[in-house]
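The structure under discussion appears below in the form of structure tokens.
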There are 2 protein chains.
Amino acid sequence: MRTLKYALLGLIDRGPITGYDIVKEFESRVMANFWYAKHSQVYPELKRLTDEGFVEYKVILQGEKMEKKLYSITPSGHEEFVKWMKKDEPIGVTPKDLFRLRSYFTDFISPEDYLKLLHSQRRMHTERCNTLKATMEAYKGVVPPFGTREYGDYSVLLGAIMREDYYVSWLNVCIDNLKEQTGLA
Amino acid sequence: MRTLKYALLGLIDRGPITGYDIVKEFESRVMANFWYAKHSQVYPELKRLTDEGFVEYKVILQGEKMEKKLYSITPSGHEEFVKWMKKDEPIGVTPKDLFRLRSYFTDFISPEDYLKLLHSQRRMHTERCNTLKATMEAYKGVVPPFGTREYGDYSVLLGAIMREDYYVSWLNVCIDNLKEQTGLA
DNA sequence: GAGTACATGTAATTAGTTACATGATTGA
DNA sequence: TCAATCATGTAACTAATTACATGTACTC
């Protein structure tokens, strides 16, 4: 599917950017919620996109010697990207989840040990959720206008918060069920 | 992390099973919600686990000639698995999501085209959610006792339903926001 | 001068998918 | 006898991670 290709095209289509800054985007609070790649995957893909004529770069100097490559989109790259944007794709398999794999095999763990894991998971997901909600506060409850970058940020941030909220709810139900059945505190 | 290893150990620890039936488990309505692998990944991993002494198999005959390998857990395999079960792991990166990647780049799509995608996504997720809820009906609202296989099935099924429900909610909010902003029907 | 961030790349390995390959059994 | 399912494997490829590798620029 070469999804990384389209993630890169999208970022570059927004304006000239270096590979280094693309990686920083992937690590950002917003984008890390749905796509990311390490620099060791990004640099080779940028090279490939250049060979394919979807992007081009010019070398600019930072200071005396340090060269960096500033990538921009080409007309064919832009066309390729907007074509992909309109594509309606099947939802595919549900994502893998390590904790759910353990939850599936609860016949091999004591209720005490499982409860510890549940509490730990809840703590971690609650924390992540709070971080996301803090980021969301910048919008003060106002939905940015469609077509702006802020709209995209807002939408995916909202989705991420809702996801963490649901995950915590699920863990809460699991904790309640377990306590009721075993009488554990 | 070799997670497939532990998925296989867990399934084999429940009782003797063939590679073929393991793959069927992965394709099942319950397990497909959090882990899965193709037969081309399963068979080599089973071989490796055998070499490592975590599982063993005996060849049994199906009919006249057809041989199948029935895998069972070894004491060291069981030990390895229960040790893994108790391990509390960090929640790690959030799973990648193709549709959210597109939602992030809505500055490159018309509201009409985006609305079409939103509706299509909602239809597909609603359908999956309904399938899951139909599977859930077997439990008639009664939580199975902890420690049984049914408890694991129930827990992960509940999580899967909650996940699809939240996803549909997110899509609904996106649809409402878009309609309000653009006046589209 | 030291430490951190900037900046870009490759190599080796692991994980996972698609395609290739073969043959037996069962039920209509 | 035909089709679907059972049953197991390998080969080639794509995706992604970890480790290796190098050097500059900025700030304290």
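How things are named: the first chain in the structure tokens is A, the next is B, and so on; residues count from 1 in each chain; ligands count from 1 in the order shown.
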Using only C-alpha atoms (C1' of nucleotides), what does the table of chain D residues within 9 Å of chain B look like, with each row giving the shortest atom pair and its distance in Å to one decimal, sorted by chain and ascending number, as CSV?
```
residue,atom,partner,partner_atom,distance
D:DC6,C1',B:Tyr20,CA,8.1
D:DA7,C1',B:Lys68,CA,6.5
D:DT8,C1',B:Tyr43,CA,7.7
D:DG9,C1',B:Tyr43,CA,7.5
D:DT10,C1',B:Ser40,CA,8.5
```
Which residues, written as a PyMOL selection string, have at least one atom at most 12 Å from range 12-23 of chain D, with only C-alpha atoms (C1' of nucleotides) counted and residues fewer than 5 positions away on the same chain left out?
-> (chain A and resi 1-5+36-42+45+65-67) or (chain B and resi 1) or (chain C and resi 6-20)
Can you spit out the residues from that selection as a compact mmCIF listing (two decimals), in the first residue's frame, using N, CA and C atoms (P, O5', C5', C4', C3', O3' and C1' of nucleotides)?
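Contents of the output file again35.txt:
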```
# COMPACT_ATOMS: atom_id res chain seq x y z
N MET A 1 0.83 -1.22 0.00
CA MET A 1 0.00 0.00 0.00
C MET A 1 0.87 1.28 0.00
N ARG A 2 2.09 1.17 0.45
CA ARG A 2 3.02 2.32 0.52
C ARG A 2 2.40 3.54 1.18
N THR A 3 1.84 3.36 2.36
CA THR A 3 1.17 4.46 3.03
C THR A 3 2.13 5.57 3.42
N LEU A 4 3.35 5.19 3.79
CA LEU A 4 4.34 6.20 4.17
C LEU A 4 4.54 7.20 3.05
N LYS A 5 4.53 6.69 1.82
CA LYS A 5 4.63 7.56 0.64
C LYS A 5 3.62 8.71 0.71
N TYR A 36 3.41 7.33 11.93
CA TYR A 36 4.75 7.70 12.35
C TYR A 36 5.75 6.80 11.66
N ALA A 37 6.99 7.27 11.58
CA ALA A 37 8.08 6.47 11.02
C ALA A 37 9.38 7.03 11.56
N LYS A 38 10.36 6.16 11.68
CA LYS A 38 11.67 6.56 12.13
C LYS A 38 12.45 7.19 10.97
N HIS A 39 13.50 7.92 11.29
CA HIS A 39 14.28 8.57 10.23
C HIS A 39 14.87 7.55 9.27
N SER A 40 15.17 6.35 9.80
CA SER A 40 15.76 5.32 8.94
C SER A 40 14.78 4.79 7.90
N GLN A 41 13.51 5.08 8.09
CA GLN A 41 12.52 4.70 7.08
C GLN A 41 12.19 5.91 6.19
N VAL A 42 12.25 7.10 6.80
CA VAL A 42 11.87 8.32 6.08
C VAL A 42 12.89 8.67 4.98
N GLU A 45 12.74 6.60 1.82
CA GLU A 45 11.49 6.84 1.10
C GLU A 45 11.52 8.18 0.37
N LYS A 65 28.84 25.00 6.88
CA LYS A 65 29.03 23.78 6.06
C LYS A 65 27.80 22.89 6.02
N MET A 66 27.00 22.89 7.09
CA MET A 66 25.99 21.86 7.23
C MET A 66 24.88 22.00 6.18
N GLU A 67 24.79 20.95 5.36
CA GLU A 67 23.80 20.95 4.29
C GLU A 67 22.53 20.27 4.73
N MET B 1 10.01 -8.38 19.99
CA MET B 1 9.08 -8.79 21.06
C MET B 1 8.56 -10.23 20.86
P DC C 6 16.41 20.36 17.34
O5' DC C 6 17.53 20.35 16.20
C5' DC C 6 18.23 21.57 15.92
C4' DC C 6 19.19 21.34 14.78
C3' DC C 6 18.56 20.77 13.51
O3' DC C 6 18.96 21.58 12.41
C1' DC C 6 20.45 19.50 14.12
P DA C 7 18.14 21.53 11.06
O5' DA C 7 18.65 20.17 10.43
C5' DA C 7 19.89 20.16 9.72
C4' DA C 7 20.29 18.76 9.33
C3' DA C 7 19.20 17.81 8.85
O3' DA C 7 19.07 17.94 7.44
C1' DA C 7 21.02 16.73 10.00
P DT C 8 18.17 16.84 6.61
O5' DT C 8 19.19 15.62 6.47
C5' DT C 8 20.44 15.81 5.82
C4' DT C 8 21.17 14.50 5.70
C3' DT C 8 20.34 13.39 5.04
O3' DT C 8 20.96 12.99 3.84
C1' DT C 8 21.48 12.62 6.98
P DG C 9 20.16 12.21 2.74
O5' DG C 9 20.39 10.72 3.25
C5' DG C 9 21.55 10.14 2.72
C4' DG C 9 22.17 9.21 3.70
C3' DG C 9 21.69 7.77 3.61
O3' DG C 9 22.10 7.21 2.39
C1' DG C 9 22.46 8.38 5.78
P DT C 10 21.67 5.76 1.99
O5' DT C 10 22.51 4.82 2.98
C5' DT C 10 23.94 4.86 2.99
C4' DT C 10 24.41 3.73 3.88
C3' DT C 10 23.91 2.35 3.42
O3' DT C 10 25.01 1.46 3.55
C1' DT C 10 23.19 2.76 5.66
P DA C 11 24.88 -0.06 3.14
O5' DA C 11 24.61 -0.76 4.55
C5' DA C 11 25.49 -0.53 5.65
C4' DA C 11 25.30 -1.61 6.70
C3' DA C 11 24.92 -2.98 6.14
O3' DA C 11 25.58 -3.95 6.95
C1' DA C 11 23.15 -2.16 7.52
P DA C 12 25.37 -5.51 6.70
O5' DA C 12 24.33 -5.90 7.85
C5' DA C 12 24.57 -5.43 9.18
C4' DA C 12 23.45 -5.94 10.08
C3' DA C 12 22.94 -7.34 9.71
O3' DA C 12 22.81 -8.07 10.91
C1' DA C 12 21.14 -5.82 9.73
P DT C 13 22.36 -9.63 10.93
O5' DT C 13 20.87 -9.55 11.51
C5' DT C 13 20.62 -8.72 12.65
C4' DT C 13 19.14 -8.46 12.76
C3' DT C 13 18.25 -9.70 12.61
O3' DT C 13 17.70 -9.98 13.87
C1' DT C 13 17.33 -7.80 11.52
P DT C 14 16.71 -11.22 14.17
O5' DT C 14 15.25 -10.57 14.14
C5' DT C 14 14.96 -9.44 14.94
C4' DT C 14 13.58 -8.95 14.59
C3' DT C 14 12.51 -10.06 14.56
O3' DT C 14 11.45 -9.57 15.37
C1' DT C 14 12.45 -8.80 12.56
P DA C 15 10.11 -10.37 15.63
O5' DA C 15 9.15 -9.77 14.51
C5' DA C 15 8.86 -8.38 14.53
C4' DA C 15 7.76 -8.11 13.53
C3' DA C 15 6.67 -9.17 13.51
O3' DA C 15 5.45 -8.44 13.57
C1' DA C 15 7.56 -8.85 11.31
P DG C 16 4.01 -9.15 13.49
O5' DG C 16 3.74 -9.13 11.93
C5' DG C 16 3.53 -7.88 11.26
C4' DG C 16 3.34 -8.15 9.78
C3' DG C 16 2.28 -9.20 9.46
O3' DG C 16 1.23 -8.56 8.78
C1' DG C 16 4.24 -9.49 8.14
P DT C 17 0.00 -9.40 8.13
O5' DT C 17 0.42 -9.37 6.59
C5' DT C 17 0.77 -8.13 5.98
C4' DT C 17 0.97 -8.35 4.48
C3' DT C 17 -0.12 -9.17 3.81
O3' DT C 17 -0.54 -8.46 2.65
C1' DT C 17 2.02 -10.11 3.36
P DT C 18 -1.71 -9.06 1.71
O5' DT C 18 -0.91 -9.74 0.52
C5' DT C 18 0.15 -9.03 -0.12
C4' DT C 18 0.76 -9.89 -1.22
C3' DT C 18 -0.24 -10.74 -2.00
O3' DT C 18 0.06 -10.57 -3.38
C1' DT C 18 1.48 -12.12 -1.14
P DA C 19 -0.78 -11.39 -4.51
O5' DA C 19 0.25 -12.55 -4.85
C5' DA C 19 1.62 -12.22 -5.06
C4' DA C 19 2.43 -13.50 -5.26
C3' DA C 19 1.73 -14.56 -6.12
O3' DA C 19 2.66 -14.98 -7.11
C1' DA C 19 2.50 -15.53 -4.09
P DC C 20 2.27 -16.14 -8.17
O5' DC C 20 3.03 -17.41 -7.58
C5' DC C 20 4.45 -17.33 -7.39
C4' DC C 20 4.93 -18.62 -6.76
C3' DC C 20 4.52 -19.90 -7.51
O3' DC C 20 5.68 -20.70 -7.72
C1' DC C 20 4.02 -20.10 -5.22
```
List the neighbours of DA5 in chain C out to 12 Å using only C-alpha atoms (C1' of nucleotides); skip same-chain residues closer than 6 positions along the sequence, and give me the result as a list in words.
->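 After dropping sequence-adjacent residues, the list is Tyr20 of chain A; DT24, DA25, DC26 and DT27 of chain D.
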Quick one: write out the picked residues with N, CA and C atoms (P, O5', C5', C4', C3', O3' and C1' of nucleotides) as a CSV table (one decimal), in the first residue's frame?
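Below is the file result_35.csv, written as the result:
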```
chain,number,residue,atom,x,y,z
A,20,TYR,N,14.4,15.8,8.4
A,20,TYR,CA,14.5,15.9,9.8
A,20,TYR,C,13.2,16.5,10.4
D,24,DT,P,32.1,18.6,10.6
D,24,DT,O5',30.7,19.2,10.8
D,24,DT,C5',29.8,19.4,9.6
D,24,DT,C4',28.7,20.2,10.1
D,24,DT,C3',29.1,21.6,10.7
D,24,DT,O3',28.2,22.5,10.1
D,24,DT,C1',27.7,20.4,12.2
D,25,DA,P,28.3,24.1,10.5
D,25,DA,O5',27.3,24.2,11.7
D,25,DA,C5',25.9,24.0,11.5
D,25,DA,C4',25.1,24.5,12.7
D,25,DA,C3',25.6,25.8,13.3
D,25,DA,O3',24.4,26.6,13.5
D,25,DA,C1',25.6,24.1,15.0
D,26,DC,P,24.4,28.0,14.1
D,26,DC,O5',23.9,27.7,15.6
D,26,DC,C5',22.7,26.9,15.9
D,26,DC,C4',22.6,26.7,17.4
D,26,DC,C3',22.8,28.0,18.2
D,26,DC,O3',21.7,28.1,19.1
D,26,DC,C1',24.2,26.3,19.0
D,27,DT,P,21.4,29.5,19.9
D,27,DT,O5',21.6,29.1,21.4
D,27,DT,C5',21.0,27.9,21.9
D,27,DT,C4',21.8,27.5,23.2
D,27,DT,C3',22.1,28.7,24.1
D,27,DT,O3',21.7,28.4,25.4
D,27,DT,C1',24.0,27.4,23.8
```
Write out as a ChimeraX atom specification which residues come within 12 Å of Ser76 in chain A when counting only C-alpha atoms (C1' of nucleotides), dropping same-chain ones fewer than 3 positions away.
-> /A:9,13,49-50,52-56,72-73,79-83
Would you output that residue set with N, CA and C atoms, as a compact mmCIF listing (two decimals), in the first residue's frame?
```txt
# COMPACT_ATOMS: atom_id res chain seq x y z
N LEU A 9 4.07 12.71 1.14
CA LEU A 9 3.57 13.63 0.12
C LEU A 9 2.67 14.69 0.75
N ASP A 13 3.45 18.51 0.64
CA ASP A 13 2.50 19.33 -0.13
C ASP A 13 2.08 20.58 0.65
N LEU A 49 10.92 8.78 -3.57
CA LEU A 49 9.95 9.74 -4.10
C LEU A 49 10.61 10.72 -5.05
N THR A 50 11.87 11.07 -4.74
CA THR A 50 12.62 11.95 -5.64
C THR A 50 12.86 11.25 -6.98
N GLU A 52 11.15 8.97 -8.27
CA GLU A 52 9.88 8.79 -8.97
C GLU A 52 9.31 10.12 -9.49
N GLY A 53 9.97 11.21 -9.11
CA GLY A 53 9.54 12.52 -9.62
C GLY A 53 8.36 13.14 -8.88
N PHE A 54 8.02 12.59 -7.71
CA PHE A 54 6.90 13.15 -6.94
C PHE A 54 7.34 14.33 -6.06
N VAL A 55 8.61 14.32 -5.70
CA VAL A 55 9.15 15.45 -4.92
C VAL A 55 10.50 15.84 -5.51
N GLU A 56 10.97 17.03 -5.13
CA GLU A 56 12.32 17.45 -5.51
C GLU A 56 12.89 18.21 -4.33
N SER A 72 10.31 19.80 -1.81
CA SER A 72 9.03 20.39 -2.23
C SER A 72 8.31 19.39 -3.13
N ILE A 73 7.00 19.61 -3.24
CA ILE A 73 6.18 18.72 -4.07
C ILE A 73 6.32 19.12 -5.54
N GLU A 79 -0.65 15.76 -7.71
CA GLU A 79 -1.74 15.02 -8.36
C GLU A 79 -1.92 13.64 -7.72
N GLU A 80 -0.77 12.95 -7.54
CA GLU A 80 -0.76 11.62 -6.92
C GLU A 80 -1.39 11.67 -5.52
N PHE A 81 -1.06 12.73 -4.78
CA PHE A 81 -1.56 12.83 -3.41
C PHE A 81 -3.07 13.10 -3.35
N VAL A 82 -3.54 14.06 -4.12
CA VAL A 82 -4.98 14.38 -4.03
C VAL A 82 -5.84 13.21 -4.57
N LYS A 83 -5.27 12.45 -5.52
CA LYS A 83 -5.97 11.26 -6.02
C LYS A 83 -6.15 10.25 -4.87
```
Within 12 Å of range 131-151 of chain B, which residues of range 68-183 of chain A come that close, and what is the closest atom pair and distance in Å for each? Count only C-alpha atoms and give it as JSON lines.
```
{"residue": "A:Ser103", "atom": "CA", "partner": "B:Tyr151", "partner_atom": "CA", "distance": 8.9}
{"residue": "A:Tyr104", "atom": "CA", "partner": "B:Arg149", "partner_atom": "CA", "distance": 7.8}
{"residue": "A:Phe105", "atom": "CA", "partner": "B:Arg149", "partner_atom": "CA", "distance": 7.4}
{"residue": "A:Thr106", "atom": "CA", "partner": "B:Gly147", "partner_atom": "CA", "distance": 6.0}
{"residue": "A:Asp107", "atom": "CA", "partner": "B:Gly147", "partner_atom": "CA", "distance": 4.2}
{"residue": "A:Phe108", "atom": "CA", "partner": "B:Gly147", "partner_atom": "CA", "distance": 7.4}
{"residue": "A:Ile109", "atom": "CA", "partner": "B:Gly147", "partner_atom": "CA", "distance": 7.8}
{"residue": "A:Ser110", "atom": "CA", "partner": "B:Gly147", "partner_atom": "CA", "distance": 7.9}
{"residue": "A:Pro111", "atom": "CA", "partner": "B:Phe146", "partner_atom": "CA", "distance": 7.6}
{"residue": "A:Glu112", "atom": "CA", "partner": "B:Phe146", "partner_atom": "CA", "distance": 11.3}
{"residue": "A:Tyr114", "atom": "CA", "partner": "B:Phe146", "partner_atom": "CA", "distance": 10.4}
{"residue": "A:Leu115", "atom": "CA", "partner": "B:Phe146", "partner_atom": "CA", "distance": 11.5}
{"residue": "A:Val173", "atom": "CA", "partner": "B:Val143", "partner_atom": "CA", "distance": 10.9}
{"residue": "A:Cys174", "atom": "CA", "partner": "B:Val143", "partner_atom": "CA", "distance": 10.2}
{"residue": "A:Ile175", "atom": "CA", "partner": "B:Phe146", "partner_atom": "CA", "distance": 11.5}
{"residue": "A:Asp176", "atom": "CA", "partner": "B:Val143", "partner_atom": "CA", "distance": 11.1}
{"residue": "A:Asn177", "atom": "CA", "partner": "B:Val143", "partner_atom": "CA", "distance": 7.5}
{"residue": "A:Leu178", "atom": "CA", "partner": "B:Phe146", "partner_atom": "CA", "distance": 7.1}
{"residue": "A:Lys179", "atom": "CA", "partner": "B:Phe146", "partner_atom": "CA", "distance": 10.2}
{"residue": "A:Glu180", "atom": "CA", "partner": "B:Phe146", "partner_atom": "CA", "distance": 10.3}
{"residue": "A:Gln181", "atom": "CA", "partner": "B:Pro145", "partner_atom": "CA", "distance": 7.1}
{"residue": "A:Thr182", "atom": "CA", "partner": "B:Phe146", "partner_atom": "CA", "distance": 8.0}
{"residue": "A:Gly183", "atom": "CA", "partner": "B:Phe146", "partner_atom": "CA", "distance": 11.7}
```
Written file, previous selection with N, CA and C atoms, as a PDB file, in the first residue's frame:
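Generated output (selection.pdb):
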```
ATOM      1  N   SER A 103      -5.576 -10.423  27.916  1.00  0.00           N
ATOM      2  CA  SER A 103      -6.930 -10.523  28.470  1.00  0.00           C
ATOM      3  C   SER A 103      -7.663 -11.754  27.953  1.00  0.00           C
ATOM      4  N   TYR A 104      -7.305 -12.138  26.738  1.00  0.00           N
ATOM      5  CA  TYR A 104      -7.933 -13.307  26.134  1.00  0.00           C
ATOM      6  C   TYR A 104      -7.526 -14.582  26.860  1.00  0.00           C
ATOM      7  N   PHE A 105      -6.311 -14.569  27.404  1.00  0.00           N
ATOM      8  CA  PHE A 105      -5.774 -15.777  28.039  1.00  0.00           C
ATOM      9  C   PHE A 105      -5.847 -15.714  29.558  1.00  0.00           C
ATOM     10  N   THR A 106      -6.868 -15.071  30.092  1.00  0.00           N
ATOM     11  CA  THR A 106      -6.945 -14.898  31.548  1.00  0.00           C
ATOM     12  C   THR A 106      -7.110 -16.217  32.307  1.00  0.00           C
ATOM     13  N   ASP A 107      -7.396 -17.321  31.563  1.00  0.00           N
ATOM     14  CA  ASP A 107      -7.442 -18.611  32.254  1.00  0.00           C
ATOM     15  C   ASP A 107      -6.045 -19.064  32.694  1.00  0.00           C
ATOM     16  N   PHE A 108      -4.993 -18.280  32.356  1.00  0.00           N
ATOM     17  CA  PHE A 108      -3.633 -18.652  32.763  1.00  0.00           C
ATOM     18  C   PHE A 108      -3.022 -17.653  33.737  1.00  0.00           C
ATOM     19  N   ILE A 109      -3.855 -16.834  34.366  1.00  0.00           N
ATOM     20  CA  ILE A 109      -3.323 -15.841  35.297  1.00  0.00           C
ATOM     21  C   ILE A 109      -4.262 -15.756  36.499  1.00  0.00           C
ATOM     22  N   SER A 110      -3.705 -15.417  37.655  1.00  0.00           N
ATOM     23  CA  SER A 110      -4.535 -15.292  38.852  1.00  0.00           C
ATOM     24  C   SER A 110      -5.303 -13.971  38.795  1.00  0.00           C
ATOM     25  N   PRO A 111      -6.485 -13.913  39.418  1.00  0.00           N
ATOM     26  CA  PRO A 111      -7.233 -12.650  39.408  1.00  0.00           C
ATOM     27  C   PRO A 111      -6.419 -11.505  40.025  1.00  0.00           C
ATOM     28  N   GLU A 112      -5.596 -11.818  41.030  1.00  0.00           N
ATOM     29  CA  GLU A 112      -4.772 -10.775  41.671  1.00  0.00           C
ATOM     30  C   GLU A 112      -3.783 -10.174  40.668  1.00  0.00           C
ATOM     31  N   TYR A 114      -3.914 -10.320  37.419  1.00  0.00           N
ATOM     32  CA  TYR A 114      -4.626  -9.658  36.316  1.00  0.00           C
ATOM     33  C   TYR A 114      -5.123  -8.281  36.741  1.00  0.00           C
ATOM     34  N   LEU A 115      -5.604  -8.186  37.968  1.00  0.00           N
ATOM     35  CA  LEU A 115      -6.089  -6.897  38.476  1.00  0.00           C
ATOM     36  C   LEU A 115      -4.963  -5.860  38.507  1.00  0.00           C
ATOM     37  N   VAL A 173     -14.741  -1.346  33.163  1.00  0.00           N
ATOM     38  CA  VAL A 173     -15.727  -2.431  33.173  1.00  0.00           C
ATOM     39  C   VAL A 173     -15.053  -3.738  33.572  1.00  0.00           C
ATOM     40  N   CYS A 174     -13.845  -3.986  33.009  1.00  0.00           N
ATOM     41  CA  CYS A 174     -13.108  -5.211  33.337  1.00  0.00           C
ATOM     42  C   CYS A 174     -12.779  -5.259  34.825  1.00  0.00           C
ATOM     43  N   ILE A 175     -12.351  -4.110  35.371  1.00  0.00           N
ATOM     44  CA  ILE A 175     -12.005  -4.037  36.792  1.00  0.00           C
ATOM     45  C   ILE A 175     -13.244  -4.299  37.653  1.00  0.00           C
ATOM     46  N   ASP A 176     -14.355  -3.674  37.292  1.00  0.00           N
ATOM     47  CA  ASP A 176     -15.598  -3.861  38.044  1.00  0.00           C
ATOM     48  C   ASP A 176     -16.063  -5.317  38.009  1.00  0.00           C
ATOM     49  N   ASN A 177     -16.042  -5.912  36.812  1.00  0.00           N
ATOM     50  CA  ASN A 177     -16.443  -7.310  36.665  1.00  0.00           C
ATOM     51  C   ASN A 177     -15.602  -8.218  37.551  1.00  0.00           C
ATOM     52  N   LEU A 178     -14.301  -7.970  37.512  1.00  0.00           N
ATOM     53  CA  LEU A 178     -13.373  -8.817  38.253  1.00  0.00           C
ATOM     54  C   LEU A 178     -13.590  -8.685  39.758  1.00  0.00           C
ATOM     55  N   LYS A 179     -13.769  -7.442  40.213  1.00  0.00           N
ATOM     56  CA  LYS A 179     -13.974  -7.223  41.647  1.00  0.00           C
ATOM     57  C   LYS A 179     -15.260  -7.879  42.126  1.00  0.00           C
ATOM     58  N   GLU A 180     -16.289  -7.743  41.313  1.00  0.00           N
ATOM     59  CA  GLU A 180     -17.578  -8.319  41.687  1.00  0.00           C
ATOM     60  C   GLU A 180     -17.500  -9.836  41.792  1.00  0.00           C
ATOM     61  N   GLN A 181     -16.758 -10.437  40.853  1.00  0.00           N
ATOM     62  CA  GLN A 181     -16.678 -11.899  40.823  1.00  0.00           C
ATOM     63  C   GLN A 181     -15.793 -12.473  41.908  1.00  0.00           C
ATOM     64  N   THR A 182     -14.700 -11.761  42.219  1.00  0.00           N
ATOM     65  CA  THR A 182     -13.702 -12.344  43.123  1.00  0.00           C
ATOM     66  C   THR A 182     -13.730 -11.720  44.502  1.00  0.00           C
ATOM     67  N   GLY A 183     -14.412 -10.600  44.646  1.00  0.00           N
ATOM     68  CA  GLY A 183     -14.450  -9.937  45.947  1.00  0.00           C
ATOM     69  C   GLY A 183     -13.160  -9.225  46.292  1.00  0.00           C
TER      70      GLY A 183
END
```
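Shortest atom-to-atom contact with chain A among B:Ile22, B:Gly10, B:Lys58, B:Pro75: B:Gly10, counting only C-alpha atoms.
You will find CA of Asp153 in chain A at 14.5 Å from CA of Asp97 in chain B.
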